[in-house]
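What follows is one structure encoded as structure tokens, with my remarks underneath.
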Amino acid sequence: MVTLDLRHVASPAVRDLLHLVNHPDFNRARQQIERLGGCTEPVRLTGQSTTVDTATGEVLRSYTTTEEPTGSLLTACGNRRASRCPACSRLYAADTYHLIRAGLSGGKTVPDAVRTHPRVFATLTAPSFGPVHNRPTTPGGDVRPCRCRKLHEPTDPLLGTPLNPATYDYAGAVLFNAHAGTLWARFTTYLRRELAARLGMTQKAAHAVLRVSFAKVAEYQKRGLVHFHTVIRLDGPDGSSQPPPSCATVDVLTEAIRAAAVRVRVTVESNAVGERELAWGEQLDVREIAAFGGDAEFTDQAVAAYVAKYATKSADASGALDRALFCRPCQGRGATLLPHGTPIPCTACDGTGQARPLPRLAVVRHVRQMIRTCWELGRLPEFAHLKLWKWAHMLGFRGHFSTKSRSYSTTLGALRDARRTWRTEQARTHAGLPEPDPTTTLVLSHWDYLGSGYSPGAALLAASVWHRRELERQFTAEGGC
């Protein structure tokens with residue numbers, strides 16, 4: 001038997017991995033990491049779980065994290081951002097795909113009849129806050145030079161940045177992002193009103209025979225502004241189980257969307273930036289989703305895949321950051337309060353409220369200026385409710401990236417519950433345990449948060465799991481078997 005002196009191993013990660021490999025329960029630790037599917041930032045929990053027979057008081061099963069080689073139970077982080085956790089974001093994208101497609105072609109809790117309901121794919125964009133570098137195209141599809149007289153490549157970092165940063169309306173851009181959710185809420189209100197007007201009904205009468213269902217996802221443009229891709233469907237009064245009136249056609253829905261988008265206005269008043277009227281941009285795209293997938297571009301599957309792709313992206317797709325910038329100890333205030341209420345400068349951030357100084361951020365000048373504008377506006381009393389300093393890394397956008405109306409289709413929570421139930425059943429079957437009777441068994445659990453992330457050695461194992469699964473996925477996509 002060869003004994004390895006770990007003191008001569010230079011890398012701490014390799015040393016930790018060897019310690020883990022030499023552990024008597026290494027296979028158990030490896031299986032736990034395998035179940036996470038390559039998650040990069042798992043949550044570590046400590047605690048115990050006990051299953052009791054309520055009729056006899058007998059303890060049927062018990063579990064404690066002290067039995068684990070690592071001393072903790074690892075659970076997936078569930079982060080939707082691909083830049084933070086590729087494994088969990090891929091799962092989030094798959095759930096979003098099934099959620100969107102269920103509302104287009106039938107699925108869980110949605111009947112196949114939705115294929116015949118009027119359905120469109122609409123994109124609501126942000127307005128201009130100043131000319132930016134871009135790649136304009138001719139009617140024939142050829143790319144023309146930008147206003148700067150340069151023909152930009154698709155990967156040119158100048159794309160989306162202002163031609164003249166000194167005159168660019170950064171305050172307006174940040175405020176638009178911060179109020180994008182409000183603009184969307186008002187759009188849905190006006191859409192219902194426009195539909196009622198075009199059907200020659202009062203709003204009350206239209207509500208009795210018609211319901212608007214939707215699902216949307218936010219995407220960042222290269223200029224750092226959000227716009228919404230949305231699937232909008234018309235249903236009967238009880239939702240997807242009923243068709244809408246025959247007069248509620250795709251053409252009526254399209255006209256109502258265009259009219260509603262033009263009407264939406266949000267007025268923002270401030271002594272610092274004056275009065276601003278926020279609205280959607282002039283570019284509005286509305287296309288029918290062909291029933292039965294007849295259109296080569298906008299099939300049920302193509303639209304669902306398109307929406308799911310953007311559900312896992314965040315501000316980092318536009319060159320920004322995927323983590324909050326405010327100082328956690330002082331919550332971005334720059335000071336902490338003593339027990340009697342006296343504020344003292346935060347030593348963690350030197351009173352700036354920023355976890356990292358803005359000049360040191362590895363971002364382009366345009367993004368840095370938008371982040372700086374978030375901090376400056378966030379300190380003004382009239383914008384305190386927006387908490388722009390908290391959402392500076394998102395360039396002011398505070399909304400959810402993926403949302404839907406209640407009756408559109410199933411929910412992400414329902415999909416996760418179904419997956420959790422399936423995995424629990426698989427584990428029970430694998431362990432040879434009897435099926436529990438929910439009427440006579442009680443599960444008592446207590447869990448404490450221990451931290452996030454792997455040990456250095458476990459991180460190497462997780463990376464190998466993710467790499468292997470990516471190779472398997474690529475092999476399958478290329479037609480392997």
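Convention: chains lettered A, B, ... in structure tokens order; per-chain residue numbering from 1; ligands numbered from 1 as shown.
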Every residue of range 338-435 of chain A that DSSP places in strand (DSSP E), as a list in words: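 Residues of range 338-435 of chain A classed as strand (DSSP E): Pro343, Ile344, Pro345, Ser402, Thr403 and Lys404 of chain A.
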Would you save the residues of that selection, restricted to C-alpha atoms, as a CSV table (one decimal), in the first residue's frame?
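Result file is again25.csv:
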chain,number,residue,atom,x,y,z
A,343,PRO,CA,-24.4,56.2,13.0
A,344,ILE,CA,-20.7,55.4,12.5
A,345,PRO,CA,-19.0,55.0,9.1
A,402,SER,CA,-39.9,35.8,-16.3
A,403,THR,CA,-43.5,36.3,-15.3
A,404,LYS,CA,-46.9,35.1,-16.5
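Residues in contact range of Asp437 in chain A, defined as at most 12 Å between only C-alpha atoms, with sequence neighbours fewer than 6 positions away removed, read Thr51, Val52, Asp53, Thr54, Ala55, Leu60 and Val443 of chain A.
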Long-range neighbours of Arg198 in chain A as a list in words, 10 Å cut-off, only C-alpha atoms, 6 positions minimum in chain: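 So, after excluding close chain neighbours, the residues are Cys247, Ala248, Val252, Leu253, Glu255 and Ala256 of chain A.
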Residue neighbourhood Arg468 in chain A, 12 Å, only C-alpha atoms, exclusion window fewer than 4 positions, as a list in words: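 Once the nearby chain positions are removed, what remains is Glu34, Gly37, Gly38, Ala87, Leu461, Ala462, Ala463, Ser464, Glu472, Arg473, Gln474 and Phe475 of chain A.
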Secondary structure check, alpha helix (DSSP H) residues of range 6-150 of chain A, as a PyMOL selection string: chain A and resi 12-21+26-35+86-105
Nearest residue to Gly274 in chain A from the set A:Glu153, A:Asp142, A:Glu382, A:Asp417 (distances using only C-alpha atoms): A:Glu382
Shortest interatomic distance to Ala94 in chain A - which of A:Ala459, A:Cys330, A:Leu433, A:Ala305, counting only C-alpha atoms: A:Ala305
Counting only C-alpha atoms, which residues in range 357-434 of chain A sit no more than 12 Å from range 77-80 of chain A? For each one, give the nearest pair of atoms and the distance in Å, sorted by chain then residue number, as a tab-separated table.
residue	atom	partner	partner_atom	distance
A:His400	CA	A:Arg80	CA	11.3
A:Phe401	CA	A:Arg80	CA	9.7
A:Ser402	CA	A:Arg80	CA	10.2
A:Leu412	CA	A:Gly78	CA	11.8
A:Arg416	CA	A:Gly78	CA	10.5
Store the residues picked out above in a file with N, CA, C and O atoms, as a PDB file, in the first residue's frame.
ATOM      1  N   HIS A 400     -39.052  41.111 -12.160  1.00  0.00           N
ATOM      2  CA  HIS A 400     -38.724  39.710 -12.409  1.00  0.00           C
ATOM      3  C   HIS A 400     -38.451  39.509 -13.895  1.00  0.00           C
ATOM      4  O   HIS A 400     -39.081  40.131 -14.739  1.00  0.00           O
ATOM      5  N   PHE A 401     -37.526  38.615 -14.198  1.00  0.00           N
ATOM      6  CA  PHE A 401     -37.172  38.394 -15.597  1.00  0.00           C
ATOM      7  C   PHE A 401     -38.231  37.568 -16.319  1.00  0.00           C
ATOM      8  O   PHE A 401     -38.450  37.728 -17.511  1.00  0.00           O
ATOM      9  N   SER A 402     -38.882  36.672 -15.616  1.00  0.00           N
ATOM     10  CA  SER A 402     -39.870  35.815 -16.253  1.00  0.00           C
ATOM     11  C   SER A 402     -41.144  35.825 -15.415  1.00  0.00           C
ATOM     12  O   SER A 402     -41.109  35.455 -14.243  1.00  0.00           O
ATOM     13  N   LEU A 412     -43.861  27.402 -12.399  1.00  0.00           N
ATOM     14  CA  LEU A 412     -42.539  26.838 -12.141  1.00  0.00           C
ATOM     15  C   LEU A 412     -42.541  26.054 -10.836  1.00  0.00           C
ATOM     16  O   LEU A 412     -41.876  25.023 -10.713  1.00  0.00           O
ATOM     17  N   ARG A 416     -41.388  22.165 -10.291  1.00  0.00           N
ATOM     18  CA  ARG A 416     -40.364  21.789  -9.317  1.00  0.00           C
ATOM     19  C   ARG A 416     -40.896  20.780  -8.301  1.00  0.00           C
ATOM     20  O   ARG A 416     -40.192  19.845  -7.906  1.00  0.00           O
TER      21      ARG A 416
END
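Here the question is which of A:Ala93, A:Leu158, A:Met201, A:Ala355 gets nearest to Thr312 in chain A using only C-alpha atoms, and that residue is A:Ala93.
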A:Ala324, A:Leu159, A:Ala122, A:Cys146 ranked by distance to His227 in chain A, top pick (using only C-alpha atoms):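 Nearest to His227 in chain A: A:Ala122.
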Residue nearest Leu45 in chain A among A:Leu460, A:Leu91, A:Leu450, A:Val231 (counting only C-alpha atoms): A:Leu450
Neighbour list for Gly378 in chain A as number ranges by chain, cut-off 10 Å, only C-alpha atoms, skip fewer than 2 positions in-chain: A: 372-376, 380-392, 396
Give me, as a Markdown table, each residue of range 15-123 of chain A that comes within 8 Å of range 278-287 of chain A, together with its shortest interatomic pair and the distance in Å at one decimal, counting only C-alpha atoms, with rows ordered by chain and rising residue number.
| residue | atom | partner | partner_atom | distance |
| --- | --- | --- | --- | --- |
| A:Val120 | CA | A:Arg287 | CA | 5.4 |
| A:Phe121 | CA | A:Arg287 | CA | 5.3 |
| A:Ala122 | CA | A:Val286 | CA | 4.3 |
| A:Thr123 | CA | A:Asp285 | CA | 5.2 |
Please save all heavy atoms of the selected residues as a short mmCIF file (atom, residue, chain, number, x, y, z; two decimals), in the first residue's frame.
data_model
loop_
_atom_site.label_atom_id
_atom_site.label_comp_id
_atom_site.auth_asym_id
_atom_site.auth_seq_id
_atom_site.Cartn_x
_atom_site.Cartn_y
_atom_site.Cartn_z
N VAL A 120 -50.21 35.64 -30.14
CA VAL A 120 -49.20 36.43 -30.83
C VAL A 120 -47.94 36.49 -29.97
O VAL A 120 -47.97 36.28 -28.75
CB VAL A 120 -49.68 37.88 -31.12
CG1 VAL A 120 -50.90 37.86 -32.02
CG2 VAL A 120 -49.97 38.62 -29.82
N PHE A 121 -46.83 36.77 -30.64
CA PHE A 121 -45.55 36.99 -29.97
C PHE A 121 -45.19 38.46 -30.18
O PHE A 121 -45.00 38.89 -31.32
CB PHE A 121 -44.49 36.08 -30.57
CG PHE A 121 -43.15 36.21 -29.91
CD1 PHE A 121 -42.96 35.80 -28.60
CD2 PHE A 121 -42.05 36.74 -30.59
CE1 PHE A 121 -41.73 35.91 -27.98
CE2 PHE A 121 -40.82 36.85 -29.99
CZ PHE A 121 -40.65 36.43 -28.67
N ALA A 122 -45.15 39.22 -29.10
CA ALA A 122 -44.92 40.67 -29.19
C ALA A 122 -43.65 41.05 -28.46
O ALA A 122 -43.30 40.46 -27.44
CB ALA A 122 -46.11 41.43 -28.61
N THR A 123 -42.96 42.06 -28.98
CA THR A 123 -41.76 42.60 -28.35
C THR A 123 -41.95 44.09 -28.12
O THR A 123 -42.15 44.85 -29.06
CB THR A 123 -40.52 42.36 -29.23
OG1 THR A 123 -40.33 40.96 -29.42
CG2 THR A 123 -39.28 42.94 -28.56
#
Straight-line distance linking CA of Asp238 in chain A with CA of Tyr190 in chain A, stated in Å to one decimal: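 Interatomic distance, CA of Asp238 in chain A to CA of Tyr190 in chain A: 20.9 Å.
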Contacts of Ala259 in chain A at 8 Å (only C-alpha atoms; same-chain gap of 4+ positions) as a ChimeraX atom specification: /A:191,194,255,263
